[in-house]
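To be precise, the following lines are query-v9.txt, and they hold compact mmCIF, C-alpha atoms and all ligand atoms.
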# COMPACT_ATOMS: atom_id res chain seq x y z
CA MET A 1 -21.24 -1.14 13.23
CA VAL A 2 -20.85 1.62 10.63
CA HIS A 3 -17.72 0.62 8.71
CA LEU A 4 -15.84 3.64 7.39
CA ASP A 5 -12.37 2.15 7.57
CA ALA A 6 -11.54 0.37 4.28
CA ALA A 7 -8.10 2.03 4.23
CA ALA A 8 -7.22 -0.01 7.33
CA ALA A 9 -9.07 -3.21 6.43
CA GLY A 10 -12.11 -3.41 4.18
CA ARG A 11 -15.11 -5.39 5.37
CA PRO A 12 -14.93 -8.86 3.77
CA THR A 13 -18.08 -10.41 2.31
CA VAL A 14 -19.81 -13.43 3.82
CA ALA A 15 -18.46 -15.53 0.92
CA THR A 16 -14.88 -14.39 1.54
CA VAL A 17 -15.08 -15.33 5.22
CA ALA A 18 -16.75 -18.67 4.34
CA ALA A 19 -14.02 -19.54 1.82
CA GLN A 20 -11.38 -19.12 4.51
CA ALA A 21 -13.33 -21.15 7.05
CA ASP A 22 -13.89 -23.91 4.48
CA HIS A 23 -10.22 -24.08 3.72
CA LEU A 24 -9.35 -24.34 7.42
CA GLN A 25 -11.86 -27.20 7.73
CA ARG A 26 -10.26 -28.97 4.77
CA GLU A 27 -6.82 -28.55 6.32
CA ALA A 28 -8.05 -30.35 9.45
CA ARG A 29 -9.93 -33.03 7.52
CA ALA A 30 -7.59 -33.83 4.64
CA GLY A 31 -4.22 -32.57 5.87
CA ALA A 32 -2.89 -29.05 5.41
CA TYR A 33 -0.61 -29.82 2.48
CA VAL A 34 -3.28 -31.89 0.72
CA ALA A 35 -5.71 -28.99 1.14
CA GLU A 36 -3.11 -26.62 -0.25
CA LEU A 37 -2.61 -28.83 -3.27
CA GLU A 38 -6.36 -28.95 -3.83
CA ALA A 39 -6.48 -25.15 -3.69
CA THR A 40 -3.73 -24.74 -6.29
CA ASP A 41 -6.02 -23.57 -9.11
CA VAL A 42 -8.00 -21.23 -6.86
CA VAL A 43 -4.83 -19.56 -5.60
CA ALA A 44 -3.36 -19.37 -9.12
CA GLY A 45 -6.61 -17.70 -10.19
CA ALA A 46 -6.08 -15.03 -7.55
CA ARG A 47 -2.60 -14.32 -8.94
CA SER A 48 -4.04 -14.00 -12.45
CA ARG A 49 -6.73 -11.59 -11.25
CA LEU A 50 -4.15 -9.45 -9.45
CA ALA A 51 -2.04 -9.37 -12.63
CA ALA A 52 -5.08 -8.35 -14.69
CA LEU A 53 -5.81 -5.47 -12.31
CA ILE A 54 -2.21 -4.25 -12.43
CA GLY A 55 -1.26 -4.32 -16.06
CA PRO A 56 -1.77 -5.82 -19.49
CA GLU A 57 1.86 -6.95 -19.72
CA LEU A 58 1.55 -9.13 -16.59
CA THR A 59 0.18 -12.61 -16.06
CA GLY A 60 -0.36 -14.61 -12.89
CA ASP A 61 3.16 -16.03 -13.36
CA ASP A 62 4.56 -12.56 -12.61
CA VAL A 63 2.85 -12.35 -9.20
CA VAL A 64 3.83 -14.03 -5.93
CA PHE A 65 2.21 -13.89 -2.52
CA GLN A 66 3.83 -12.40 0.52
CA TYR A 67 2.64 -11.85 4.10
CA SER A 68 1.92 -8.18 3.56
CA ALA A 69 2.81 -5.26 1.34
CA THR A 70 5.58 -4.32 3.77
CA ALA A 71 7.10 -7.81 3.60
CA GLY A 72 6.84 -7.61 -0.19
CA PHE A 73 8.64 -4.27 -0.25
CA ALA A 74 11.34 -5.66 2.06
CA ALA A 75 11.84 -8.63 -0.28
CA LEU A 76 12.08 -6.41 -3.35
CA LEU A 77 14.54 -4.07 -1.67
CA ALA A 78 16.72 -6.98 -0.53
CA ALA A 79 16.65 -8.46 -4.04
CA TRP A 80 17.25 -5.26 -5.99
CA PRO A 81 20.84 -4.85 -7.21
CA LEU A 82 21.72 -1.52 -5.57
CA SER A 83 25.36 -0.58 -5.17
CA ALA A 84 26.71 1.62 -2.36
CA GLY A 85 25.73 5.23 -2.97
CA ALA A 86 22.83 4.27 -5.24
CA ARG A 87 20.28 7.10 -5.37
CA VAL A 88 16.71 6.12 -4.53
CA GLY A 89 13.84 8.54 -5.17
CA ILE A 90 11.00 8.64 -2.61
CA VAL A 91 8.17 11.00 -1.65
CA PRO A 92 7.87 12.91 1.64
CA GLY A 93 4.55 11.12 2.25
CA ASP A 94 6.10 7.68 1.88
CA TYR A 95 4.67 4.86 3.97
CA GLY A 96 6.52 4.84 7.29
CA ALA A 97 7.46 1.15 7.15
CA ASN A 98 8.82 1.44 3.59
CA LEU A 99 10.85 4.43 4.68
CA LEU A 100 12.26 2.48 7.64
CA LEU A 101 13.34 -0.29 5.27
CA LEU A 102 15.03 2.23 2.99
CA ALA A 103 16.63 4.11 5.89
CA SER A 104 18.03 0.87 7.32
CA ARG A 105 20.15 0.66 4.17
CA SER A 106 22.53 3.44 5.15
CA GLU A 107 24.58 2.99 1.97
CA LEU A 108 21.67 4.30 -0.11
CA ASP A 109 21.36 7.98 -1.00
CA LEU A 110 17.69 8.96 -0.60
CA VAL A 111 16.32 11.93 -2.54
CA GLU A 112 12.79 13.33 -2.86
CA PHE A 113 10.40 14.01 -5.66
CA PRO A 114 9.24 17.65 -5.55
CA VAL A 115 5.71 17.74 -4.13
CA ASP A 116 2.88 20.23 -3.69
CA ARG A 117 1.45 21.19 -0.29
CA LEU A 118 -0.69 18.03 -0.22
CA GLY A 119 2.29 15.77 -0.88
CA ARG A 120 1.51 15.09 -4.55
CA ILE A 121 4.44 14.84 -6.93
CA ASP A 122 4.70 18.10 -8.85
CA ILE A 123 5.38 17.02 -12.44
CA ALA A 124 6.23 20.52 -13.71
CA ARG A 125 8.81 20.99 -10.94
CA LEU A 126 10.14 17.48 -11.49
CA ASP A 127 10.77 18.35 -15.13
CA ARG A 128 12.33 21.69 -14.16
CA GLU A 129 14.27 20.94 -10.97
CA GLY A 130 14.63 17.15 -10.88
CA MET A 131 14.98 15.25 -7.59
CA LEU A 132 15.62 17.25 -4.42
CA PRO A 133 17.65 16.58 -1.26
CA LEU A 134 15.81 14.83 1.59
CA GLY A 135 13.72 17.25 3.66
CA SER A 136 13.36 19.81 0.87
CA HIS A 137 9.56 19.72 1.10
CA ARG A 138 9.76 21.40 4.49
CA GLY A 139 11.32 24.42 2.84
CA THR A 140 13.67 24.95 5.79
CA ARG A 141 16.81 24.31 3.77
CA ALA A 142 18.32 26.73 1.34
CA PRO A 143 17.12 25.70 -2.12
CA ALA A 144 19.61 23.21 -3.48
CA ARG A 145 20.03 22.18 -7.06
CA GLY A 146 18.26 18.95 -7.81
CA VAL A 147 19.62 15.96 -9.65
CA GLY A 148 18.06 14.68 -12.84
CA LEU A 149 15.75 11.69 -12.69
CA GLU A 150 18.22 9.73 -14.83
CA ASN A 151 20.66 9.70 -11.90
CA LEU A 152 18.39 7.47 -9.84
CA ALA A 153 18.98 3.76 -9.46
CA LEU A 154 15.42 3.24 -8.24
CA ALA A 155 12.25 5.18 -7.46
CA ALA A 156 9.58 3.96 -5.06
CA PHE A 157 6.41 5.55 -3.74
CA PRO A 158 2.80 4.75 -2.82
CA HIS A 159 0.23 5.42 -5.54
CA VAL A 160 -2.15 6.47 -2.77
CA PRO A 161 -0.68 7.33 0.65
CA SER A 162 -2.29 5.97 3.80
CA GLN A 163 -2.45 9.32 5.58
CA ARG A 164 -4.10 11.61 3.02
CA GLY A 165 -6.85 11.38 0.42
CA VAL A 166 -4.78 12.13 -2.64
CA VAL A 167 -3.64 10.15 -5.67
CA GLN A 168 -0.11 10.45 -7.01
CA PRO A 169 0.27 11.13 -10.75
CA ALA A 170 1.82 7.67 -10.99
CA ALA A 171 1.33 7.18 -14.74
CA GLU A 172 3.11 10.45 -15.56
CA VAL A 173 5.98 9.73 -13.15
CA ALA A 174 6.29 6.14 -14.39
CA ALA A 175 6.49 7.32 -18.01
CA ARG A 176 9.31 9.71 -17.07
CA CYS A 177 11.13 6.98 -15.09
CA ALA A 178 10.82 4.59 -18.04
CA ALA A 179 12.15 7.22 -20.45
CA ALA A 180 15.09 7.87 -18.10
CA GLY A 181 15.82 4.15 -17.71
CA VAL A 182 14.95 4.19 -14.00
CA ASP A 183 13.13 1.32 -12.28
CA LEU A 184 10.00 2.25 -10.36
CA VAL A 185 8.50 0.19 -7.55
CA LEU A 186 4.88 1.26 -7.15
CA ASP A 187 3.23 0.58 -3.78
CA VAL A 188 -0.43 -0.08 -4.60
CA ALA A 189 -1.41 -1.27 -1.09
CA GLN A 190 -3.76 1.69 -0.66
CA ALA A 191 -4.71 2.04 -4.32
CA LEU A 192 -5.68 -1.35 -5.76
CA GLY A 193 -9.47 -1.66 -5.75
CA GLN A 194 -10.18 2.05 -5.30
CA VAL A 195 -8.23 3.81 -8.08
CA ASP A 196 -7.18 2.62 -11.52
CA VAL A 197 -3.63 1.26 -11.25
CA GLY A 198 -3.76 -0.51 -14.62
CA GLY A 199 -1.17 -0.02 -17.32
CA ILE A 200 1.32 2.09 -15.35
CA ALA A 201 4.88 1.58 -16.63
CA ALA A 202 6.41 0.45 -13.32
CA SER A 203 9.00 -2.32 -12.92
CA ALA A 204 7.42 -3.87 -9.82
CA TRP A 205 4.41 -3.50 -7.55
CA VAL A 206 3.61 -4.38 -3.94
CA GLY A 207 0.15 -4.59 -2.42
CA THR A 208 -2.04 -6.14 0.21
CA ALA A 209 -5.31 -8.09 0.33
CA ARG A 210 -7.15 -6.55 3.24
CA LYS A 211 -7.72 -2.92 2.25
CA TRP A 212 -9.73 -1.91 -0.84
CA LEU A 213 -9.82 -5.48 -2.17
CA CYS A 214 -11.71 -6.53 1.00
CA GLY A 215 -9.59 -9.67 1.28
CA PRO A 216 -8.28 -11.23 4.50
CA ARG A 217 -5.38 -10.08 6.62
CA GLY A 218 -2.08 -11.90 6.26
CA ALA A 219 -1.83 -11.89 2.46
CA GLY A 220 0.19 -9.43 0.43
CA PHE A 221 1.77 -9.71 -2.98
CA VAL A 222 4.64 -8.67 -5.22
CA ALA A 223 4.44 -8.37 -8.99
CA VAL A 224 7.49 -7.92 -11.21
CA ARG A 225 7.59 -7.24 -14.92
CA PRO A 226 8.89 -10.36 -16.70
CA ASP A 227 11.80 -8.48 -18.34
CA VAL A 228 12.97 -7.23 -14.91
CA ILE A 229 12.86 -10.34 -12.72
CA ASP A 230 16.13 -11.91 -13.90
CA ARG A 231 18.08 -8.87 -12.71
CA LEU A 232 16.94 -9.41 -9.13
CA GLY A 233 18.47 -11.53 -6.39
CA VAL A 234 16.69 -13.35 -3.56
CA GLY A 235 14.15 -11.58 -1.32
CA ALA A 236 14.57 -13.59 1.87
CA PRO A 237 16.67 -16.73 1.42
CA SER A 238 14.65 -19.89 2.03
CA LEU A 239 14.13 -23.25 0.35
CA TYR A 240 11.16 -21.64 -1.45
CA SER A 241 13.13 -18.73 -2.93
CA ALA A 242 16.69 -19.97 -3.48
CA HIS A 243 18.62 -23.07 -4.54
CA PRO A 244 19.89 -25.17 -1.64
CA VAL A 245 23.44 -24.26 -0.77
CA GLU A 246 26.15 -26.75 -1.66
CA LEU A 247 29.06 -26.47 0.70
CA HIS A 248 32.49 -26.38 -0.93
CA PRO A 249 35.64 -26.57 1.13
CA PRO A 250 37.65 -23.36 0.75
CA ALA A 251 40.41 -23.60 -1.86
CA GLY A 252 43.62 -25.00 -0.38
CA GLY A 253 41.74 -26.50 2.55
CA THR A 254 42.34 -23.55 4.90
CA ALA A 255 39.61 -22.55 7.30
CA GLY A 256 37.55 -19.55 6.28
CA ARG A 257 34.84 -18.52 3.92
CA GLY A 258 33.92 -21.29 1.54
CA GLY A 259 32.33 -21.17 -1.86
CA ALA A 260 28.73 -21.11 -0.63
CA ALA A 261 26.52 -18.76 -2.64
CA VAL A 262 22.81 -17.98 -2.56
CA ARG A 263 21.32 -18.37 -6.02
CA PRO A 264 17.72 -17.36 -6.71
CA LEU A 265 15.23 -19.84 -8.06
CA ALA A 266 14.04 -18.93 -11.55
CA GLY A 267 11.22 -16.38 -11.84
CA PRO A 268 9.46 -14.34 -9.18
CA VAL A 269 9.34 -17.15 -6.56
CA ARG A 270 12.70 -15.71 -5.52
CA LEU A 271 10.58 -13.02 -3.79
CA SER A 272 8.07 -15.40 -2.23
CA VAL A 273 7.68 -17.03 1.16
CA GLY A 274 7.07 -20.67 1.98
CA GLU A 275 5.01 -21.16 5.09
CA ALA A 276 1.93 -18.93 5.09
CA SER A 277 -1.79 -18.81 5.74
CA VAL A 278 -3.14 -20.51 2.61
CA ALA A 279 -6.66 -19.75 3.89
CA SER A 280 -5.90 -16.04 3.50
CA ARG A 281 -4.94 -16.56 -0.13
CA VAL A 282 -8.08 -18.61 -0.74
CA GLY A 283 -10.15 -15.83 0.85
CA LEU A 284 -8.46 -13.26 -1.37
CA ALA A 285 -9.31 -15.41 -4.39
CA THR A 286 -12.99 -15.15 -3.46
CA ALA A 287 -12.79 -11.39 -2.90
CA LEU A 288 -11.12 -10.95 -6.28
CA SER A 289 -13.60 -13.14 -8.12
CA GLU A 290 -16.45 -11.16 -6.54
CA LEU A 291 -14.81 -7.95 -7.73
CA ALA A 292 -14.42 -9.48 -11.20
CA THR A 293 -18.19 -9.99 -11.42
CA GLU A 294 -18.66 -6.24 -10.89
CA ASP A 295 -17.77 -3.41 -13.22
CA ALA A 296 -14.45 -2.43 -11.55
CA GLY A 297 -14.72 1.09 -12.96
CA ALA A 298 -18.18 1.51 -11.42
CA VAL A 299 -16.85 0.25 -8.07
CA ARG A 300 -14.07 2.84 -8.17
CA ALA A 301 -16.48 5.60 -9.20
CA ARG A 302 -18.84 4.78 -6.34
CA ILE A 303 -16.00 4.83 -3.79
CA THR A 304 -14.85 8.24 -5.03
CA ALA A 305 -18.42 9.59 -5.06
CA LEU A 306 -18.99 8.36 -1.49
CA ALA A 307 -15.78 10.00 -0.30
CA ARG A 308 -16.91 13.31 -1.85
CA LEU A 309 -20.25 13.05 -0.05
CA ALA A 310 -18.42 12.24 3.19
CA ARG A 311 -16.20 15.32 2.82
CA ARG A 312 -19.27 17.47 2.20
CA ALA A 313 -20.98 16.04 5.29
CA VAL A 314 -18.11 16.26 7.78
CA GLY A 315 -15.68 18.93 6.51
CA GLY A 316 -15.73 21.84 8.96
CA VAL A 317 -17.90 20.07 11.56
CA ALA A 318 -16.82 21.11 15.08
CA GLY A 319 -13.73 22.75 13.58
CA TRP A 320 -12.34 19.62 11.84
CA ARG A 321 -10.72 20.70 8.54
CA LEU A 322 -10.40 18.53 5.44
CA GLY A 323 -6.87 17.31 4.76
CA GLU A 324 -7.42 17.30 1.00
CA GLU A 325 -9.59 18.99 -1.62
CA PRO A 326 -13.34 18.29 -1.26
CA ASP A 327 -13.50 16.62 -4.69
CA SER A 328 -10.24 14.66 -4.44
CA PRO A 329 -10.61 11.50 -6.57
CA CYS A 330 -9.76 9.17 -3.70
CA GLY A 331 -11.72 7.06 -1.21
CA ILE A 332 -9.70 8.35 1.74
CA VAL A 333 -11.06 11.32 3.67
CA THR A 334 -8.84 12.93 6.27
CA LEU A 335 -9.81 15.41 8.96
CA CYS A 336 -7.38 17.64 10.83
CA PRO A 337 -8.45 18.24 14.43
CA PRO A 338 -9.30 21.63 15.91
CA GLY A 339 -6.68 22.81 18.42
CA ASP A 340 -5.17 19.97 20.40
CA VAL A 341 -8.11 17.58 20.11
CA ASP A 342 -6.67 14.06 19.88
CA PRO A 343 -7.87 12.01 16.86
CA LEU A 344 -7.09 8.79 18.76
CA ALA A 345 -9.51 9.70 21.59
CA VAL A 346 -12.13 10.90 19.12
CA SER A 347 -11.87 7.77 16.96
CA ARG A 348 -12.39 5.69 20.11
CA ALA A 349 -15.39 7.74 21.18
CA LEU A 350 -16.92 7.48 17.69
CA TYR A 351 -16.66 3.70 17.94
CA GLN A 352 -17.75 3.26 21.54
CA GLU A 353 -20.51 5.88 21.62
CA ALA A 354 -21.81 5.82 18.07
CA GLY A 355 -20.61 2.51 16.62
CA ILE A 356 -18.69 4.22 13.81
CA LEU A 357 -15.36 2.70 12.74
CA THR A 358 -12.62 5.13 11.63
CA SER A 359 -8.83 5.29 12.09
CA PRO A 360 -6.64 7.79 13.90
CA ILE A 361 -3.43 8.37 11.94
CA PRO A 362 -0.49 9.38 14.13
CA ALA A 363 1.87 12.06 12.87
CA GLY A 364 4.67 9.50 12.63
CA ARG A 365 2.92 7.60 9.83
CA ALA A 366 4.52 9.82 7.21
CA PRO A 367 7.27 12.41 7.60
CA GLU A 368 5.19 14.99 5.72
CA LEU A 369 2.43 14.98 8.34
CA THR A 370 2.75 17.81 10.81
CA GLY A 371 -0.01 16.53 13.08
CA PRO A 372 -2.27 13.51 13.56
CA VAL A 373 -5.47 13.17 11.52
CA LEU A 374 -8.72 11.22 11.66
CA ARG A 375 -9.18 9.00 8.60
CA VAL A 376 -12.57 8.06 7.19
CA SER A 377 -12.56 5.60 4.28
CA PRO A 378 -15.90 4.40 2.89
CA HIS A 379 -16.08 1.39 0.59
CA VAL A 380 -19.02 0.54 -1.69
CA TYR A 381 -21.05 -0.81 1.22
CA ALA A 382 -21.21 2.64 2.86
CA THR A 383 -24.31 4.81 2.47
CA PRO A 384 -24.69 8.60 2.44
CA GLY A 385 -26.87 8.38 5.57
CA GLU A 386 -23.86 7.04 7.46
CA PHE A 387 -21.99 10.29 6.80
CA GLU A 388 -24.82 12.22 8.45
CA LEU A 389 -24.44 9.93 11.49
CA LEU A 390 -20.69 10.57 11.44
CA ALA A 391 -21.23 14.33 11.24
CA GLU A 392 -23.58 14.24 14.24
CA ALA A 393 -21.21 12.04 16.24
CA LEU A 394 -18.21 14.22 15.38
CA ASP A 395 -20.15 17.30 16.42
CA ARG A 396 -20.78 15.64 19.76
CA TRP A 397 -17.50 13.79 20.45
CA GLY A 398 -15.03 15.77 18.37
CA ARG A 399 -15.05 18.96 20.41
CA PRO A 400 -12.34 20.00 22.87
CA GLY A 401 -13.19 18.60 26.27
CA ALA A 402 -15.84 16.13 25.01
CA ARG A 403 -15.68 13.12 27.30
CA PRO A 404 -17.08 9.72 26.35
CA THR A 405 -19.51 8.32 28.92
C1 LIG B 1 -1.12 -0.30 4.43
C2 LIG B 1 -0.04 0.21 3.56
C3 LIG B 1 1.13 -0.51 3.35
C4 LIG B 1 1.45 -1.76 4.11
O1 LIG B 1 0.61 -2.81 3.89
P1 LIG B 1 0.78 -4.07 4.88
O2 LIG B 1 0.04 -5.14 4.19
O3 LIG B 1 0.19 -3.64 6.19
O4 LIG B 1 2.22 -4.33 5.00
C5 LIG B 1 2.06 -0.02 2.47
N1 LIG B 1 1.87 1.12 1.84
C6 LIG B 1 0.77 1.86 1.99
C7 LIG B 1 0.61 3.14 1.24
C8 LIG B 1 -0.23 1.44 2.87
O5 LIG B 1 -1.30 2.19 3.08

Starting from the file, lay out its structure as structure tokens.
Amino acid sequence: MVHLDAAAAGRPTVATVAAQADHLQREARAGAYVAELEATDVVAGARSRLAALIGPELTGDDVVFQYSATAGFAALLAAWPLSAGARVGIVPGDYGANLLLLASRSELDLVEFPVDRLGRIDIARLDREGMLPLGSHRGTRAPARGVGLENLALAAFPHVPSQRGVVQPAAEVAARCAAAGVDLVLDVAQALGQVDVGGIAASAWVGTARKWLCGPRGAGFVAVRPDVIDRLGVGAPSLYSAHPVELHPPAGGTAGRGGAAVRPLAGPVRLSVGEASVASRVGLATALSELATEDAGAVRARITALARLARRAVGGVAGWRLGEEPDSPCGIVTLCPPGDVDPLAVSRALYQEAGILTSPIPAGRAPELTGPVLRVSPHVYATPGEFELLAEALDRWGRPGARPT
């Protein structure tokens, strides 16, 4: 199978798969909790490696595992002290699940960063106009005056979106947020491993193992700067994140609400989960230690170079237009279909007829998308010859009326 789908789930190495299988064997042989205890150092090493990739001011003690980046974002949002009416800055190309979590908090006032036509935050306009009302990027509203960045309680956006091959100017935005005293949660699910996320002045980060880190499914993480964590509450109350509740009878002995309160455990474990697939974390540890033996900058450069070659090979084939600039410094390549050709059907045909793995991205993935796209995302294991195969297959199966056999 030709694997051009790292943005969905990178192909894990033989060693990463073996590490998970070994751990599962140990769970059966020695007992699951014994095996977990034995894996303590390995899993702590994975947290340290994640911290090292994210920023010089972090250590492994500032990182906790979660089930996924989405679960990590949900925990952060639940824990963040946001009062009613708090303004939260987002981007029009926000990840759909993050946006659902934000929208479910109807007391929050969501505003947008100004963006260019590819959904990238426009720093010059941000400095000039500030944050804009929701939906401003569509240009259908009368231009409204923006509010200054300093009026935000929180900003949150993906460093790299899942539906377009662009990179947000995260360092520039983070510097402005820091200067304005605004916390930034940076979603690095689609960035870590393919672009440099190091040293960005965010307050917290969420990410996932299975994409550009080529780790297993079922492991995500949250990192919080050590000077921020004490301001946060509990992510999801459990015996792993909060102190056990002591029940106090209500004052005066009348029935009603007692004195029970949820108090976070010290440090970032307040954002963690208890029961989880430890094998996934062990597998991630292997993937990260393999990455650490490489020159991470060279890995990123190869991914970007491959994506450029892919855009050159497939852009314009059978009427499919590139969704970003040909030289965009990002491993994600997106293709907008000609006419009403359905990327879902074409992605299926590419897999079934030509053995090429890609992803169809539905329009609902991000509110900025006007139509669905086909996403191609090569990791270091891809070869230029595979893009020629993709171009041929797209020419055959990507045309209106092409029917798989
Ligand atoms: C994939 C993705 C997520 C969610 O990651 P999960 O581990 O699936 O929850 C969040 N943000 C972006 C930008 C993504 O691409």

Any idea what the distance is between CA of Tyr67 (chain A) and CA of Ala219 (chain A)? 4.8 Å

Residues near Arg120 (chain A), cut-off 8 Å, all atoms listed in the file, skip fewer than 2 positions along chain, as a ChimeraX atom specification: /A:115-118,122,166-169

Give the residues close to ligand LIG 1 (chain B), within 9 Å, counting only C-alpha atoms and all ligand atoms; write them as a ChimeraX atom specification. /A:7-9,66-73,93-98,157-163,187-191,206-211,217-221

Taking all listed atoms of region 117-136 of chain A, build the axis-aligned box, pad each of the six sides by 4 Å, then write its centre and edge lengths in Å to one decimal as JSON.
{"center_x": 8.5, "center_y": 18.3, "center_z": -5.7, "size_x": 26.3, "size_y": 14.9, "size_z": 26.8}

Please tell me which residues are no farther than 12 Å from (-23.6, 1.3, 2.0) in the file, counting all atoms listed in the file, and write them as a VMD selection string. chain A and resid 1 to 4 11 302 to 303 306 to 307 378 to 387

Selection near Thr59 (chain A), 12 Å with only C-alpha atoms, sequence-local residues under 4 positions removed, as a PyMOL selection string: chain A and resi 44-55+63-64+223-226+268

If I take CA of Ala124 (chain A) and CA of Leu149 (chain A), how far is one from the other in Å, to one decimal?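 Value for the CA of Ala124 (chain A)-CA of Leu149 (chain A) distance: 13.0 Å.
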
Which is closer to Ser277 (chain A) than all the others in A:Ala32, A:Val111, A:Leu152, A:Cys336, using all atoms listed in the file?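 Of A:Ala32, A:Val111, A:Leu152, A:Cys336, the one nearest Ser277 (chain A), counting all atoms listed in the file, is A:Ala32.
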
Nearest residue to Gly148 (chain A) out of A:Leu76, A:Leu126, A:Ala345, A:Ala242, using all atoms listed in the file?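 Among the listed residues, the smallest separation from Gly148 (chain A) belongs to A:Leu126.
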
Best match for closeness to Ala74 (chain A) among A:Leu132, A:Ile200, A:Val234, A:Val147, counting only C-alpha atoms: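 The answer is A:Val234, which sits nearest to Ala74 (chain A).
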
Of the candidates A:Leu344, A:Leu213, A:Ala179, A:Ile90, which one gets nearest to Pro12 (chain A) if we count only C-alpha atoms? A:Leu213

Just give me the gap between CA of Ala260 (chain A) and CA of Gly235 (chain A) in Å, one decimal is fine.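 CA of Ala260 (chain A) sits 17.4 Å away from CA of Gly235 (chain A).
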
Which residue out of A:Val182, A:Ala6, A:Val195, A:Met131 has the minimum interatomic distance to Phe113 (chain A) when all atoms listed in the file are used?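 Result for the nearest residue to Phe113 (chain A): A:Met131.
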
For each of A:Thr304, A:Ser359, A:Gln25, A:Thr286, take the minimum atom-to-atom distance to Arg375 (chain A), counting only C-alpha atoms, then give the residue where this is smallest. A:Ser359

May I have the protein, DNA and RNA residues with any atom at most 10 Å from the point (5.3, 16.6, -14.3), counting only C-alpha atoms, written as a list in words?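 Residues satisfying the cut-off, written out: Pro114, Ile121, Asp122, Ile123, Ala124, Arg125, Leu126, Asp127, Arg128, Gly130, Pro169, Glu172, Val173 and Arg176 of chain A.
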
Neighbouring residues of region 393-397 of chain A were defined as those with any atom within 6 Å, considering all atoms listed in the file; residues of the same chain fewer than 3 positions away were excluded. Please report them as a ChimeraX atom specification. /A:318,390,402

Write out as a list in words the residues lying within 10 Å of Pro337 (chain A), counting all atoms listed in the file and excluding same-chain residues fewer than 3 positions away.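 After dropping sequence-adjacent residues, the list is Gly316, Ala318, Gly319, Trp320, Arg321, Leu322, Gly323, Thr334, Asp340, Val341, Asp342, Pro343, Val346, Gly371, Pro372, Val373, Leu374, Gly398, Arg399 and Pro400 of chain A.
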
Using all atoms listed in the file, which residues sit within 9 Å of Arg231 (chain A) once same-chain residues fewer than 5 positions away are excluded, as a ChimeraX atom specification? /A:79-81
